[in-house]
>>> print(open('query19.tsv').read())   # TSV, C-alpha atoms
chain	number	residue	atom	x	y	z
V	10	MET	CA	64.14	193.79	33.33
V	11	ARG	CA	60.71	192.55	32.25
V	12	ARG	CA	62.26	190.66	29.36
V	13	ALA	CA	64.72	188.95	31.71
V	14	LEU	CA	61.87	188.06	34.05
V	15	ARG	CA	59.85	186.58	31.17
V	16	ILE	CA	62.85	184.51	30.10
V	17	LEU	CA	63.36	183.30	33.67
V	18	LEU	CA	59.70	182.40	34.01
V	19	SER	CA	59.79	180.57	30.67
V	20	ILE	CA	62.80	178.57	31.80
V	21	LEU	CA	61.14	177.70	35.10
V	22	ALA	CA	57.94	176.70	33.28
V	23	ALA	CA	59.94	174.46	30.94
V	24	ILE	CA	61.79	172.84	33.84
V	25	THR	CA	58.50	172.30	35.69
V	26	ALA	CA	56.88	170.77	32.61
V	27	VAL	CA	59.79	168.38	32.06
V	28	GLY	CA	59.90	167.49	35.77
V	29	ILE	CA	56.18	166.74	35.90
V	30	TYR	CA	56.23	164.77	32.65
V	31	PHE	CA	59.23	162.70	33.68
V	32	THR	CA	57.96	161.93	37.18
V	33	ASN	CA	54.53	161.09	35.76
V	34	ARG	CA	56.27	158.46	33.66
V	35	LEU	CA	57.80	157.03	36.84
V	36	MET	CA	54.93	157.36	39.29
V	37	PHE	CA	52.26	156.19	36.85
V	38	MET	CA	54.22	153.80	34.65
V	39	LYS	CA	51.92	152.12	32.17
V	40	LYS	CA	50.99	148.68	33.50
V	41	LYS	CA	50.14	145.54	31.58
V	42	GLU	CA	46.42	144.80	31.60
V	43	ASP	CA	45.44	142.05	34.03
V	44	GLU	CA	43.72	140.08	31.27
V	45	PHE	CA	46.82	140.33	29.07
V	46	ILE	CA	48.99	138.83	31.83
V	47	LEU	CA	46.49	136.06	32.51
V	48	LYS	CA	46.18	135.22	28.80
V	49	ARG	CA	49.98	135.22	28.37
V	50	GLU	CA	50.52	132.88	31.31
V	51	ARG	CA	47.73	130.55	30.19
V	52	GLU	CA	49.01	130.32	26.62
V	53	ALA	CA	52.54	129.58	27.87
V	54	GLY	CA	51.18	126.76	30.06
V	55	ARG	CA	52.32	128.47	33.24
V	56	ILE	CA	48.72	128.76	34.47
V	57	ILE	CA	46.44	125.74	34.09
V	58	ASP	CA	42.97	126.83	35.14
V	59	GLU	CA	41.81	123.44	36.39
V	60	GLU	CA	44.84	123.04	38.64
V	61	TYR	CA	44.63	126.58	39.97
V	62	GLU	CA	40.89	126.41	40.64
V	63	SER	CA	41.22	123.08	42.48
V	64	LEU	CA	43.95	124.44	44.75
V	65	ASN	CA	43.16	124.83	48.44
V	66	LYS	CA	43.38	128.62	48.65
V	67	ARG	CA	41.63	131.77	49.78
V	68	ASP	CA	41.65	135.44	48.88
V	69	VAL	CA	43.22	137.72	51.47
V	70	SER	CA	43.11	141.46	52.05
V	71	ILE	CA	45.95	142.95	54.08
V	72	PRO	CA	45.91	146.55	55.34
V	73	SER	CA	48.79	148.66	54.03
V	74	PRO	CA	50.33	151.21	56.42
V	75	PHE	CA	49.43	153.78	53.75
V	76	GLY	CA	45.68	153.31	54.03
V	77	TYR	CA	44.73	150.96	51.21
V	78	ASP	CA	44.31	147.18	50.97
V	79	ILE	CA	46.89	144.77	49.57
V	80	LYS	CA	45.08	141.97	47.75
V	81	GLY	CA	46.51	138.48	47.60
V	82	VAL	CA	45.89	134.75	47.49
V	83	LEU	CA	47.04	132.34	50.20
V	84	ALA	CA	47.46	128.79	48.87
V	85	GLU	CA	47.75	126.07	51.52
V	86	PRO	CA	47.66	122.59	49.97
V	87	HIS	CA	50.16	121.25	52.52
V	88	ASP	CA	49.95	120.63	56.25
V	89	THR	CA	53.22	122.42	56.94
V	90	ASP	CA	54.71	125.52	58.52
V	91	TYR	CA	56.90	126.23	55.47
V	92	TYR	CA	55.72	129.28	53.49
V	93	ILE	CA	56.92	131.34	50.53
V	94	ILE	CA	55.84	134.90	49.63
V	95	ILE	CA	56.15	135.94	45.98
V	96	SER	CA	56.87	139.60	45.13
V	97	HIS	CA	56.21	140.46	41.45
V	98	GLY	CA	57.83	143.05	39.19
V	99	VAL	CA	56.66	146.44	37.98
V	100	THR	CA	53.76	146.41	35.43
V	101	GLU	CA	52.95	142.77	36.40
V	102	ASN	CA	50.51	141.33	38.97
V	103	LYS	CA	49.99	138.22	41.06
V	104	PHE	CA	49.10	136.15	37.96
V	105	ASN	CA	52.77	136.43	37.00
V	106	SER	CA	53.66	134.97	40.41
V	107	ILE	CA	51.68	131.77	39.91
V	108	LYS	CA	54.53	130.01	38.08
V	109	TYR	CA	56.85	130.65	41.02
V	110	MET	CA	54.13	129.68	43.48
V	111	ASN	CA	53.70	126.34	41.69
V	112	LEU	CA	57.45	125.73	41.83
V	113	PHE	CA	57.39	126.03	45.62
V	114	LEU	CA	54.10	124.17	46.07
V	115	GLU	CA	55.80	121.23	44.34
V	116	ARG	CA	58.53	121.43	46.96
V	117	GLY	CA	56.16	121.24	49.92
V	118	PHE	CA	55.70	124.94	50.67
V	119	ASN	CA	52.48	126.85	51.07
V	120	ALA	CA	52.47	130.19	49.26
V	121	LEU	CA	51.18	133.74	49.43
V	122	ILE	CA	51.06	135.78	46.20
V	123	PHE	CA	49.92	139.40	46.21
V	124	ASP	CA	49.55	142.53	44.08
V	125	HIS	CA	51.90	145.41	44.79
V	126	ARG	CA	50.42	148.88	45.32
V	127	ARG	CA	48.81	150.31	42.18
V	128	HIS	CA	48.94	146.87	40.54
V	129	GLY	CA	46.25	144.25	40.09
V	130	GLU	CA	43.54	144.53	42.74
V	131	SER	CA	45.61	146.38	45.35
V	132	GLY	CA	45.14	150.05	46.19
V	133	GLY	CA	47.74	152.80	46.10
V	134	LYS	CA	48.14	155.70	43.69
V	135	THR	CA	51.81	155.58	42.69
V	136	THR	CA	54.63	153.17	42.00
V	137	SER	CA	57.82	153.87	43.96
V	138	TYR	CA	60.07	150.99	42.78
V	139	GLY	CA	60.50	149.53	46.24
V	140	HIS	CA	60.38	152.53	48.57
V	141	TYR	CA	56.75	152.31	49.71
V	142	GLU	CA	56.46	148.72	48.46
V	143	LYS	CA	58.96	147.50	51.08
V	144	PHE	CA	56.65	148.67	53.87
V	145	ASP	CA	53.74	146.87	52.19
V	146	LEU	CA	55.88	143.73	52.02
V	147	LYS	CA	56.54	144.11	55.74
V	148	ALA	CA	52.77	144.30	56.25
V	149	VAL	CA	52.35	141.08	54.24
V	150	VAL	CA	55.06	139.28	56.23
V	151	ASP	CA	53.66	140.49	59.55
V	152	TRP	CA	50.13	139.46	58.54
V	153	LEU	CA	51.24	135.96	57.57
V	154	LYS	CA	53.20	135.46	60.79
V	155	ASN	CA	50.26	136.74	62.81
V	156	GLU	CA	47.97	134.25	61.01
V	157	LYS	CA	50.27	131.23	61.04
V	158	GLY	CA	52.64	131.86	63.92
V	159	LYS	CA	55.97	133.62	64.22
V	160	GLU	CA	57.86	130.32	64.10
V	161	ILE	CA	56.96	129.48	60.51
V	162	LYS	CA	59.83	128.83	58.10
V	163	LEU	CA	59.52	131.67	55.61
V	164	GLY	CA	61.10	132.47	52.28
V	165	ILE	CA	60.53	135.41	49.93
V	166	HIS	CA	61.00	135.25	46.17
V	167	GLY	CA	61.13	138.51	44.24
V	168	GLU	CA	61.38	139.29	40.55
V	169	SER	CA	62.80	142.58	39.16
V	170	MET	CA	61.25	145.46	41.17
V	171	GLY	CA	59.83	142.78	43.47
V	172	ALA	CA	63.36	141.51	44.11
V	173	ALA	CA	64.62	145.04	44.84
V	174	THR	CA	61.62	145.55	47.15
V	175	MET	CA	62.44	142.32	48.97
V	176	LEU	CA	66.09	143.31	49.47
V	177	LEU	CA	65.09	146.78	50.69
V	178	TYR	CA	62.65	145.18	53.14
V	179	ALA	CA	65.22	142.70	54.42
V	180	GLY	CA	67.89	145.38	54.60
V	181	MET	CA	65.94	147.82	56.75
V	182	LEU	CA	67.01	145.77	59.78
V	183	GLU	CA	64.02	143.48	59.35
V	184	ASP	CA	65.58	140.32	57.88
V	185	GLY	CA	62.15	138.87	58.56
V	186	ALA	CA	62.44	135.78	56.35
V	187	ASP	CA	64.64	132.71	56.69
V	188	PHE	CA	65.83	133.00	53.08
V	189	TYR	CA	65.47	135.20	50.01
V	190	ILE	CA	65.59	134.61	46.27
V	191	ALA	CA	66.34	137.77	44.27
V	192	ASP	CA	65.65	137.31	40.56
V	193	CYS	CA	67.05	140.17	38.38
V	194	PRO	CA	66.97	143.05	40.90
V	195	PHE	CA	68.52	146.45	40.32
V	196	SER	CA	71.21	147.40	42.82
V	197	ASP	CA	70.54	151.15	42.80
V	198	PHE	CA	67.53	152.91	41.27
V	199	ARG	CA	69.37	156.12	40.43
V	200	GLU	CA	71.90	154.12	38.47
V	201	GLN	CA	69.17	152.06	36.81
V	202	LEU	CA	67.23	155.19	35.88
V	203	ALA	CA	70.31	156.84	34.38
V	204	TYR	CA	70.97	153.71	32.32
V	205	ARG	CA	67.39	153.53	31.02
V	206	ILE	CA	67.40	157.24	30.12
V	207	LYS	CA	70.57	156.74	28.11
V	208	GLU	CA	69.18	153.65	26.36
V	209	GLU	CA	65.62	154.81	25.69
V	210	VAL	CA	65.49	158.59	25.28
V	211	HIS	CA	69.14	159.49	24.60
V	212	LEU	CA	68.98	162.54	26.86
V	213	PRO	CA	71.52	163.67	29.47
V	214	ALA	CA	70.88	161.58	32.58
V	215	GLY	CA	73.08	163.96	34.56
V	216	ILE	CA	70.32	166.56	34.24
V	217	LEU	CA	67.17	164.41	34.21
V	218	VAL	CA	67.99	162.21	37.22
V	219	PRO	CA	68.53	165.15	39.63
V	220	LEU	CA	65.39	166.76	38.20
V	221	ALA	CA	63.43	163.55	38.84
V	222	GLU	CA	64.90	163.46	42.34
V	223	LEU	CA	63.71	166.99	43.06
V	224	PHE	CA	60.18	166.48	41.75
V	225	LEU	CA	59.74	163.04	43.35
V	226	ARG	CA	60.68	164.48	46.73
V	227	PHE	CA	57.97	167.08	46.29
V	228	ARG	CA	55.31	164.93	44.62
V	229	ASP	CA	55.73	161.46	46.14
V	230	LYS	CA	57.72	162.27	49.29
V	231	TYR	CA	60.76	160.05	48.82
V	232	SER	CA	64.28	160.23	47.46
V	233	LEU	CA	65.74	158.08	44.70
V	234	ARG	CA	68.74	157.59	46.99
V	235	GLU	CA	66.51	155.63	49.35
V	236	VAL	CA	65.79	153.06	46.63
V	237	SER	CA	69.19	151.40	46.71
V	238	PRO	CA	69.39	147.74	47.73
V	239	ILE	CA	73.19	147.76	47.58
V	240	THR	CA	73.37	150.30	50.41
V	241	VAL	CA	71.48	147.97	52.77
V	242	ILE	CA	72.65	144.55	51.58
V	243	ASP	CA	75.13	144.39	54.49
V	244	ASN	CA	72.17	144.28	56.89
V	245	ILE	CA	70.88	140.99	55.44
V	246	LYS	CA	72.32	138.11	57.44
V	247	ASN	CA	70.05	135.31	56.22
V	248	PRO	CA	70.80	133.39	53.00
V	249	VAL	CA	70.18	134.97	49.59
V	250	LEU	CA	70.07	133.26	46.21
V	251	PHE	CA	70.76	135.79	43.44
V	252	ILE	CA	69.51	134.99	39.93
V	253	HIS	CA	69.96	136.92	36.69
V	254	SER	CA	70.03	136.23	32.98
V	255	SER	CA	73.43	136.90	31.45
V	256	LYS	CA	71.65	138.38	28.39
V	257	ASP	CA	69.47	140.83	30.34
V	258	ASP	CA	69.84	144.28	28.75
V	259	PHE	CA	67.08	145.99	30.77
V	260	ILE	CA	68.60	145.57	34.23
V	261	LEU	CA	72.23	144.66	33.65
V	262	PRO	CA	73.50	141.43	35.25
V	263	SER	CA	76.41	143.40	36.70
V	264	MET	CA	73.92	144.84	39.21
V	265	THR	CA	73.17	141.39	40.61
V	266	GLU	CA	76.85	140.52	40.58
V	267	ALA	CA	77.58	143.65	42.64
V	268	LEU	CA	74.88	142.71	45.15
V	269	TYR	CA	76.22	139.16	45.38
V	270	GLU	CA	79.79	140.36	45.98
V	271	LYS	CA	78.72	142.79	48.72
V	272	LYS	CA	76.41	140.36	50.54
V	273	ASN	CA	78.04	138.79	53.59
V	274	GLY	CA	77.13	135.38	54.93
V	275	PRO	CA	75.32	132.54	53.10
V	276	LYS	CA	74.68	133.31	49.43
V	277	MET	CA	74.53	131.74	46.00
V	278	LEU	CA	74.60	133.17	42.47
V	279	PHE	CA	73.04	131.70	39.32
V	280	MET	CA	73.56	133.38	35.94
V	281	ALA	CA	71.05	131.89	33.51
V	282	GLU	CA	72.33	131.32	30.00
V	283	ASN	CA	69.09	132.02	28.11
V	284	GLY	CA	66.45	134.73	28.14
V	285	VAL	CA	66.40	138.47	28.66
V	286	HIS	CA	64.92	140.44	31.55
V	287	ALA	CA	62.79	138.42	33.98
V	288	GLN	CA	62.94	135.37	31.72
V	289	SER	CA	65.41	133.21	33.63
V	290	PHE	CA	62.69	130.82	34.81
V	291	ASN	CA	60.77	130.78	31.54
V	292	GLU	CA	63.85	130.09	29.39
V	293	ASN	CA	65.92	127.94	31.77
V	294	ARG	CA	63.33	126.10	33.79
V	295	LYS	CA	65.26	122.88	34.47
V	296	GLN	CA	68.39	124.72	35.61
V	297	TYR	CA	66.32	127.25	37.57
V	298	GLU	CA	64.57	124.50	39.53
V	299	GLN	CA	67.86	122.67	40.09
V	300	VAL	CA	69.47	125.78	41.56
V	301	ILE	CA	66.46	126.36	43.83
V	302	ASP	CA	66.79	122.78	45.07
V	303	GLU	CA	70.52	123.14	45.65
V	304	PHE	CA	70.05	126.41	47.51
V	305	LEU	CA	67.31	125.06	49.77
V	306	LEU	CA	69.31	121.93	50.49
V	307	SER	CA	72.45	123.96	51.27
V	308	ILE	CA	70.62	126.01	53.92
V	309	GLY	CA	68.79	123.03	55.37
V	310	ILE	CA	65.29	123.99	54.25
V	311	VAL	CA	63.69	121.01	52.54
V	312	PRO	CA	60.09	120.62	53.73
V	313	ALA	CA	59.07	117.79	51.45
V	314	ARG	CA	60.67	115.57	48.82
V	315	LYS	CA	63.65	116.14	46.52
V	316	THR	CA	66.12	115.46	49.30
V	317	VAL	CA	67.54	112.30	47.73
V	318	ALA	CA	69.89	112.45	44.74
V	319	LEU	CA	70.26	116.23	44.87
V	320	VAL	CA	73.76	115.88	46.24
V	321	ASN	CA	74.95	114.21	43.04
V	322	LYS	CA	73.72	116.95	40.70
V	323	THR	CA	76.29	119.26	39.13
V	324	SER	CA	75.88	122.79	40.42
V	325	THR	CA	75.61	125.73	38.03
V	326	ALA	CA	75.66	128.29	40.82
V	327	ARG	CA	78.44	130.03	42.73
V	328	GLN	CA	78.57	129.97	46.52
>>> encode(input="query19.tsv", output="C-alpha cells")
Amino acid sequence: MRRALRILLSILAAITAVGIYFTNRLMFMKKKEDEFILKREREAGRIIDEEYESLNKRDVSIPSPFGYDIKGVLAEPHDTDYYIIISHGVTENKFNSIKYMNLFLERGFNALIFDHRRHGESGGKTTSYGHYEKFDLKAVVDWLKNEKGKEIKLGIHGESMGAATMLLYAGMLEDGADFYIADCPFSDFREQLAYRIKEEVHLPAGILVPLAELFLRFRDKYSLREVSPITVIDNIKNPVLFIHSSKDDFILPSMTEALYEKKNGPKMLFMAENGVHAQSFNENRKQYEQVIDEFLLSIGIVPARKTVALVNKTSTARQ
C-alpha cells in the first residue's frame, strides 16, 4: 500500500513538474530585449532616428483593467480624425510597430503604438496570447475615443499575436474599429500550440495541450479554448484585410485562409510571396503597401493622397 502511494505521489509530482515547466514557458515566454529590437529596426532602415524624433508625438499611459499601465506613443502629425492603432506580436514591442505606423502616417492617418502587457514599458506579469491582451486593446481603443471623440475613423493593424488579439477584441461583440488588418494571426491557440509542440519538442501534443490547459486555468485563470479567433470571427461585421506569407512555417498560412473563409461581410486576403513569419511587410513592401491602398480605397477610407491612379493597379489580393 505504501509503495503504491509512493508511486502515485511520484507520478503526481512528475505531472506537476511538467505542467509548471510547460506553462512557465507559455506565461513567461522569453522576450527580445528592447535594445535588440531597436537596433534591428534601425539597421534595417525601418527606424530613422531623425524622422522619429522630429515627429509630433507624445508618450501616453493608459490604465489596464488589470491594474497596470499600458505604455504607448500617440503620433499626430496630421490635422485629421483618421487614426490607426498598431498591435505588435509576442516577444516584440512598440519599436517593431514603427514601420507600420510610418506606412499609415504616409497615408494621412495619425497613429497610436503601444506595448502589450509584459512587453516593453507596459506592466503585467504574464503573456496570455490574446486573452487578457484583448481587454487591454479595448482599454486603448476606449482611451483614444475618449481623447479624440467617438466619431473618429479608426483602424487597427495587428501582427501575429497582435493580430489574434485584435480579432478576439473585435469578435467579443465590440467591433470597435472601422476596419482591421490581421497580419499572420493564428486561428486557434490550442491548434497552434499543438503544432508548435510537434515541430519543436516532438512530444505528444495530445497529452501536453490538455495538461497546459489544466495548469493555465489554475495559474493564469483562463482557458486555451478562449483564445480562438475563429470562434468569434462571425461577430466581426466591419472590413478585415487578412495578410500572411505563403512560406510562413511558424503560424501556417492555412490559419489565415480559414479565418478569411469564415469571415462574413467585407474582406480581402493577401498571401505574400516572400518571407517567413511576420516578414510579409519586410520582404514584400511594395506589394504590401499596394494591398493596403487597395483595401482602404475599396472600403472608402482614404484620408489623404493616393486616391488617384490606384484604380488602375493590378490587385494581388482576393475579395
>>> residues_around(input="query19.tsv", residues="range 282-290 of chain V", least_positions_apart="3", cutoff="9 Å", atoms="all atoms listed in the file", output="MDAnalysis selection string")
chainID V and resid 98 108:109 168:169 192:193 252:261 293:298
>>> residues_around(input="query19.tsv", residues="Pro312 in chain V", least_positions_apart="3", cutoff="9 Å", atoms="all atoms listed in the file", output="count of residues only")
6
>>> closest_residue(input="query19.tsv", among="V:Ile239, V:Ile206, V:Met36, V:Val149", to="Gly180 in chain V", atoms="only C-alpha atoms")
V:Ile239
>>> atom_distance(input="query19.tsv", atom1="CA of Ile46 in chain V", atom2="CA of Asn102 in chain V")
7.7 Å
>>> residues_around(input="query19.tsv", residues="Glu101 in chain V", least_positions_apart="4", cutoff="12 Å", atoms="only C-alpha atoms", output="PyMOL selection string")
chain V and resi 38-47+49-50+96-97+105-107+123-130+136+168-171+287
>>> axis_aligned_box(input="query19.tsv", around="range 207-218 of chain V", padding_each_side="8 Å", output="JSON")
{"center_x": 69.3, "center_y": 160.1, "center_z": 30.9, "size_x": 23.6, "size_y": 28.9, "size_z": 28.6}
>>> atom_distance(input="query19.tsv", atom1="CA of Thr174 in chain V", atom2="CA of Val99 in chain V")
10.5 Å
>>> residues_around(input="query19.tsv", residues="Met110 in chain V", least_positions_apart="5", cutoff="8 Å", atoms="all atoms listed in the file", output="list in words")
Ile93, Ile95, Ala120, Leu121 and Ile122 of chain V
>>> residues_around(input="query19.tsv", residues="Ile24 in chain V", least_positions_apart="5", cutoff="12 Å", atoms="all atoms listed in the file", output="list in words")
Leu17, Leu18, Ser19, Ile29, Tyr30, Phe31, Ile216, Leu217, Pro219, Leu220, Ala221, Leu223 and Phe224 of chain V
>>> closest_residue(input="query19.tsv", among="V:Ala203, V:Ile301, V:Ala186, V:Leu250", to="Glu160 in chain V", atoms="all atoms listed in the file")
V:Ala186
>>> closest_residue(input="query19.tsv", among="V:Val218, V:Ala191, V:Ile161, V:Leu212", to="Glu266 in chain V", atoms="only C-alpha atoms")
V:Ala191
>>> residues_near_point(input="query19.tsv", point="(47.9, 140.0, 55.1)", cutoff="6 Å", atoms="only C-alpha atoms", output="list of chain:residue names")
V:Ser70, V:Ile71, V:Val149, V:Trp152, V:Leu153
>>> write_last_selection(input="query19.tsv", atoms="C-alpha atoms", output="PDB file, in the frame of the given file")
ATOM      1  CA  SER V  70      43.110 141.460  52.050  1.00  0.00           C
ATOM      2  CA  ILE V  71      45.950 142.950  54.080  1.00  0.00           C
ATOM      3  CA  VAL V 149      52.350 141.080  54.240  1.00  0.00           C
ATOM      4  CA  TRP V 152      50.130 139.460  58.540  1.00  0.00           C
ATOM      5  CA  LEU V 153      51.240 135.960  57.570  1.00  0.00           C
TER       6      LEU V 153
END
>>> residues_near_point(input="query19.tsv", point="(54.9, 144.5, 56.7)", cutoff="12 Å", atoms="all atoms listed in the file", output="ChimeraX atom specification")
/V:71-75,79,94,141-155,174-175,178-179,181,183-186
